[in-house]
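Take a look at the structure set out below.
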Amino acid sequence: MKGENKLDFSLFSFLAVLLSSTVAAMGLGGGTVLLLYLSFFSSLTQPQMQSVNLLLFLPAAVISLLIHRKNGLIDTTFLKPCLLGGIIGGIGGSLLSNNLNLDLLKKGFGVFLLLIGIRELFLSLSYLYKNFLHHKA
């Protein structure tokens, strides 16, 4: 169908999802890798790409939560405020993104990724300087 948004299954698509899932499991931003792949190699819209990303994130989040709970690493002190904030933020963000111009949403997300990338670069350089390059006399 003309104008249909779809993502054709291929070995390349499978490897991209596998790579982004592996990177995500290491806590390195696999969702970003997946969104970049979908941006360049699919005809999905931004909200559809975010939905795919969320669907791949949820199982990993549930597994992580169960493992952390089993290991006693979850502090329930802030559970209610975090859940409330997450629910309100999720609903608000969804409503906002559905009512924004698609080009504005894409540009805003691009700027957000750029700023996060610059921040991470400076944090990494600072860590390298403090731990490896800064010699105390």
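Letters A, B, ... mark the chains of the structure tokens in the order given; residue numbers begin at 1 per chain; ligand numbers begin at 1, in order shown.
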Q: Give me every helix (DSSP H, G or I) residue in chain A, going by DSSP on the backbone, as a PyMOL selection string.
A: chain A and resi 11-25+30-41+46-70+76-99+102-133
Sorted by chain and rising residue number, list the residues of segment 49-78 of chain A at most 12 Å from segment 84-106 of chain A (counting only C-alpha atoms), each with its closest atom pair and distance in Å to one decimal, as a Markdown table.
| residue | atom | partner | partner_atom | distance |
| --- | --- | --- | --- | --- |
| A:Met49 | CA | A:Lys106 | CA | 11.1 |
| A:Gln50 | CA | A:Ser94 | CA | 10.4 |
| A:Ser51 | CA | A:Ser94 | CA | 10.6 |
| A:Leu54 | CA | A:Gly90 | CA | 11.6 |
| A:Phe78 | CA | A:Leu84 | CA | 10.1 |
